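Undergrad: Structure file my_file-v5.txt (compact mmCIF, C-alpha atoms) right here:
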# COMPACT_ATOMS: atom_id res chain seq x y z
CA MET A 1 -52.76 99.72 -38.64
CA GLU A 2 -53.08 102.06 -35.68
CA LEU A 3 -50.90 105.17 -35.83
CA THR A 4 -48.69 105.83 -32.86
CA TYR A 5 -45.97 108.39 -32.39
CA SER A 6 -42.88 108.83 -30.27
CA ILE A 7 -40.93 111.87 -29.18
CA TRP A 8 -37.23 111.38 -29.82
CA LEU A 9 -34.18 113.47 -29.15
CA GLU A 10 -31.93 113.57 -32.21
CA PHE A 11 -28.25 114.20 -31.68
CA ASP A 12 -25.92 116.78 -33.16
CA GLU A 13 -23.80 115.84 -36.17
CA THR A 14 -20.74 114.70 -34.22
CA SER A 15 -22.67 112.58 -31.74
CA ASN A 16 -25.01 111.19 -34.40
CA SER A 17 -22.13 110.19 -36.66
CA ALA A 18 -20.37 108.24 -33.88
CA LEU A 19 -23.62 106.53 -32.84
CA GLN A 20 -24.72 105.74 -36.41
CA ASN A 21 -21.32 104.19 -37.17
CA GLU A 22 -21.74 101.88 -34.18
CA VAL A 23 -25.33 100.91 -35.09
CA MET A 24 -24.16 100.02 -38.61
CA ALA A 25 -21.08 98.07 -37.44
CA ILE A 26 -23.09 96.10 -34.86
CA SER A 27 -25.85 95.44 -37.40
CA ILE A 28 -23.30 94.06 -39.87
CA GLU A 29 -21.55 91.95 -37.23
CA PHE A 30 -24.66 90.50 -35.58
CA GLY A 31 -27.29 90.77 -38.31
CA GLY A 32 -29.67 93.02 -36.37
CA PRO A 33 -31.75 95.83 -37.83
CA ARG A 34 -30.42 99.28 -38.66
CA PHE A 35 -32.11 102.34 -37.19
CA THR A 36 -31.54 105.99 -36.40
CA PRO A 37 -29.87 106.51 -33.01
CA HIS A 38 -32.07 108.50 -30.63
CA LEU A 39 -33.18 108.94 -27.04
CA THR A 40 -36.90 108.28 -26.69
CA MET A 41 -38.57 110.81 -24.42
CA ILE A 42 -41.97 109.10 -24.69
CA GLY A 43 -42.86 106.22 -26.99
CA ASP A 44 -45.98 104.61 -28.42
CA LEU A 45 -48.26 107.63 -28.01
CA ASP A 46 -51.64 106.70 -29.47
CA LEU A 47 -52.68 110.34 -29.70
CA PRO A 48 -53.37 112.59 -32.69
CA VAL A 49 -50.15 113.83 -34.25
CA LYS A 50 -51.03 117.46 -33.41
CA ALA A 51 -51.22 116.60 -29.70
CA VAL A 52 -47.82 114.90 -29.87
CA GLU A 53 -46.36 117.88 -31.75
CA MET A 54 -47.64 120.19 -29.00
CA MET A 55 -45.85 118.00 -26.44
CA ALA A 56 -42.62 118.21 -28.46
CA GLU A 57 -42.97 122.00 -28.67
CA LYS A 58 -43.46 122.17 -24.91
CA ILE A 59 -40.22 120.26 -24.45
CA GLY A 60 -38.48 122.67 -26.82
CA LYS A 61 -39.76 125.70 -24.89
CA SER A 62 -39.19 124.27 -21.40
CA TRP A 63 -35.77 122.72 -21.77
CA HIS A 64 -32.45 124.26 -22.68
CA PRO A 65 -30.21 121.36 -23.59
CA GLY A 66 -26.60 120.98 -22.97
CA THR A 67 -25.24 117.51 -23.33
CA PHE A 68 -26.15 114.12 -21.94
CA PHE A 69 -23.50 112.23 -20.00
CA ILE A 70 -23.02 108.54 -20.86
CA GLU A 71 -22.83 106.59 -17.60
CA ASP A 72 -22.53 103.02 -18.81
CA VAL A 73 -23.13 100.50 -21.56
CA GLY A 74 -25.68 97.79 -20.95
CA VAL A 75 -27.27 94.72 -22.48
CA SER A 76 -30.81 93.56 -21.92
CA SER A 77 -33.31 90.94 -22.98
CA LYS A 78 -35.63 93.72 -24.25
CA TYR A 79 -35.65 93.66 -28.05
CA PHE A 80 -35.33 97.46 -28.39
CA MET A 81 -32.63 97.68 -25.70
CA ALA A 82 -30.44 94.72 -26.63
CA LEU A 83 -27.32 96.90 -26.41
CA TYR A 84 -27.55 100.46 -25.18
CA LEU A 85 -25.82 103.47 -23.67
CA ALA A 86 -27.19 104.38 -20.21
CA ILE A 87 -27.72 108.14 -20.20
CA CYS A 88 -27.83 110.55 -17.28
CA ILE A 89 -30.48 113.18 -17.85
CA PRO A 90 -30.79 116.34 -15.74
CA ASP A 91 -33.43 116.37 -13.01
CA SER A 92 -35.33 119.11 -14.84
CA MET A 93 -35.55 116.89 -17.95
CA ALA A 94 -36.66 113.88 -15.90
CA THR A 95 -39.40 115.96 -14.27
CA LEU A 96 -40.57 117.33 -17.63
CA ARG A 97 -40.49 113.87 -19.20
CA ASN A 98 -42.54 112.36 -16.37
CA SER A 99 -45.11 115.16 -16.33
CA LEU A 100 -45.66 114.90 -20.10
CA PHE A 101 -45.95 111.12 -19.84
CA LEU A 102 -48.63 111.41 -17.15
CA ALA A 103 -50.43 114.23 -18.96
CA ALA A 104 -50.48 112.26 -22.23
CA ASP A 105 -53.08 109.87 -20.83
CA ALA A 106 -52.30 107.58 -23.74
CA THR A 107 -53.25 103.94 -23.36
CA LYS A 108 -50.09 102.42 -24.81
CA ALA A 109 -47.47 105.08 -24.04
CA SER A 110 -44.13 103.77 -22.85
CA GLN A 111 -41.21 105.26 -21.03
CA ASP A 112 -37.99 103.31 -20.58
CA VAL A 113 -35.02 104.40 -18.52
CA PRO A 114 -33.03 107.08 -20.39
CA HIS A 115 -30.87 105.27 -22.93
CA VAL A 116 -29.65 105.26 -26.52
CA SER A 117 -29.91 101.85 -28.15
CA LEU A 118 -27.09 100.68 -30.40
CA ALA A 119 -28.57 97.26 -31.20
CA TYR A 120 -32.08 95.90 -31.41
CA GLY A 121 -32.70 92.16 -31.39
CA ASP A 122 -32.78 88.94 -29.46
CA TYR A 123 -29.24 87.73 -28.89
CA PRO A 124 -27.96 84.71 -26.97
CA PHE A 125 -26.64 85.46 -23.49
CA GLY A 126 -23.09 86.81 -23.71
CA ALA A 127 -23.14 87.34 -27.49
CA LEU A 128 -22.67 91.10 -27.13
CA SER A 129 -20.12 91.03 -24.28
CA GLN A 130 -17.04 91.81 -26.39
CA VAL A 131 -18.71 94.69 -28.22
CA CYS A 132 -20.08 95.91 -24.86
CA SER A 133 -16.55 96.07 -23.43
CA ARG A 134 -15.29 97.98 -26.47
CA LEU A 135 -18.19 100.44 -26.29
CA LYS A 136 -17.56 101.06 -22.59
CA ARG A 137 -14.00 102.10 -23.39
CA LYS A 138 -15.21 104.33 -26.22
CA PHE A 139 -18.30 105.99 -24.72
CA VAL A 140 -18.45 105.89 -20.92
CA GLY A 141 -17.58 109.32 -19.52
CA THR A 142 -18.30 111.12 -22.78
CA SER A 143 -21.42 113.06 -23.71
CA LEU A 144 -23.92 113.47 -26.51
CA GLY A 145 -25.22 116.79 -27.82
CA VAL A 146 -28.86 117.16 -28.88
CA LYS A 147 -29.95 119.07 -31.98
CA TYR A 148 -33.66 118.30 -32.46
CA ILE A 149 -36.78 117.05 -30.76
CA ASN A 150 -38.52 114.83 -33.31
CA VAL A 151 -42.05 113.51 -33.54
CA VAL A 152 -41.70 110.11 -35.17
CA ARG A 153 -44.35 107.75 -36.48
CA SER A 154 -43.10 104.67 -34.71
CA SER A 155 -43.98 101.98 -32.23
CA LYS A 156 -43.08 98.48 -31.28
CA CYS A 157 -45.84 97.36 -33.68
CA ILE A 158 -44.62 99.27 -36.76
CA PRO A 159 -41.72 97.77 -38.77
CA ILE A 160 -38.51 99.72 -38.14
CA ALA A 161 -38.14 100.43 -41.87
CA ASP A 162 -41.47 102.28 -41.71
CA TRP A 163 -40.55 104.61 -38.85
CA LYS A 164 -40.69 108.19 -40.11
CA THR A 165 -40.01 111.64 -38.67
CA VAL A 166 -43.17 113.72 -39.19
CA SER A 167 -42.03 116.95 -37.52
CA ARG A 168 -39.02 118.47 -35.81
CA VAL A 169 -38.43 121.14 -33.20
CA GLY A 170 -34.97 122.70 -32.99
CA VAL A 171 -33.22 123.24 -29.68
CA ASN A 172 -31.02 126.12 -28.66
Now, as a test, write the supplied structure out as structure tokens.

TA:
Amino acid sequence: MELTYSIWLEFDETSNSALQNEVMAISIEFGGPRFTPHLTMIGDLDLPVKAVEMMAEKIGKSWHPGTFFIEDVGVSSKYFMALYLAICIPDSMATLRNSLFLAADATKASQDVPHVSLAYGDYPFGALSQVCSRLKRKFVGTSLGVKYINVVRSSKCIPIADWKTVSRVGVN
């Protein structure tokens, strides 16, 4: 199996607890997988782990986080974005994210719109509409604080249960 890595933003305790509670509740209600809530900066990097760690360190040195504003809740037909929070990231973060993505020159790297997934899976049209409405009332207009930049052994080709954080960079 080919090793690929992703760079994730991990949330502070308060934000992570609220998100993890939702992932668990939705997983129980709809039978989808459980996973750690995160915002993927860059995914599926088929580069040596040291190169990915250097990218994560560059993010840590170049970016001084505040919080991320939650703009909306969405559903999609993408397995890893079945139900998600649409996140507004600062222009400086978007620029940094794009420049690292281009510099990575990785063959399988991926970069979705900024979001935090709350459900993975393939659901029938409309199945998540009630939970989506509830989540809009709960999350839209609030923000998430970031605590770490993680390098995670993960990809769309690795079972979710096998995803593993291999290193972590703290943020100020």

Undergrad: At a cut-off of 9 Å from (-30.5, 101.4, -36.4) in the coordinates of the file, what residues are picked up using only C-alpha atoms, written as a compact mmCIF listing (two decimals) with C-alpha atoms, in the frame of the given file?

TA:
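The new file point_36.txt reads:
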# COMPACT_ATOMS: atom_id res chain seq x y z
CA GLN A 20 -24.72 105.74 -36.41
CA VAL A 23 -25.33 100.91 -35.09
CA MET A 24 -24.16 100.02 -38.61
CA SER A 27 -25.85 95.44 -37.40
CA GLY A 32 -29.67 93.02 -36.37
CA PRO A 33 -31.75 95.83 -37.83
CA ARG A 34 -30.42 99.28 -38.66
CA PHE A 35 -32.11 102.34 -37.19
CA THR A 36 -31.54 105.99 -36.40
CA PRO A 37 -29.87 106.51 -33.01
CA SER A 117 -29.91 101.85 -28.15
CA LEU A 118 -27.09 100.68 -30.40
CA ALA A 119 -28.57 97.26 -31.20
CA TYR A 120 -32.08 95.90 -31.41
CA ILE A 160 -38.51 99.72 -38.14

Undergrad: So that I can see what lies close to Ala18 in chain A, please list as number ranges by chain the residues with an atom at most 10 Å from it, counting all atoms listed in the file and leaving out residues fewer than 4 positions away in the same chain.

TA: A: 13-14, 22-23, 37, 139, 144

Undergrad: Please list as a list in words every residue within 7 Å of Gly170 in chain A, counting all atoms listed in the file and excluding residues in the same chain fewer than 2 positions away.

TA: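 Neighbouring residues, sequence-local ones excluded: Lys147, Tyr148, Ile149, Arg168 and Asn172 of chain A.
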
Undergrad: Using all atoms listed in the file, which protein or nucleic acid residues come within 8 Å of range 123-129 of chain A? Drop anything in the same chain fewer than 2 positions from it, and give the result as number ranges by chain.

TA: A: 75, 77, 82-83, 121, 131-133

Undergrad: What is the CA of Ile87 in chain A to CA of Asp12 in chain A distance in Å?

TA: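 One can read the CA of Ile87 in chain A to CA of Asp12 in chain A distance as 15.7 Å.
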
Undergrad: May I ask for the distance between CA of Phe30 in chain A and CA of Gln130 in chain A, given in Å to one decimal place?

TA: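 For CA of Phe30 in chain A relative to CA of Gln130 in chain A, the distance reads 12.0 Å.
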
Undergrad: Could you check the closest approach to Ser154 in chain A for each of A:Ser17, A:Thr142, A:Thr4, A:Ser92 and tell me which residue wins, using all atoms listed in the file?

TA: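 Among the listed residues, the smallest separation from Ser154 in chain A belongs to A:Thr4.
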
Undergrad: Just the number, please: distance in Å from CA of Glu10 in chain A to CA of Thr95 in chain A, one decimal.

TA: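 These atoms are spaced 19.6 Å apart.
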
Undergrad: For range 22-30 of chain A, what centre and edge lengths in Å (one decimal) does the axis-aligned box get once 8 Å is added on each side of all its listed atoms, as lines of an AutoDock Vina configuration file?

TA:
center_x = -23.5
center_y = 96.2
center_z = -37.0
size_x = 20.8
size_y = 27.4
size_z = 21.7
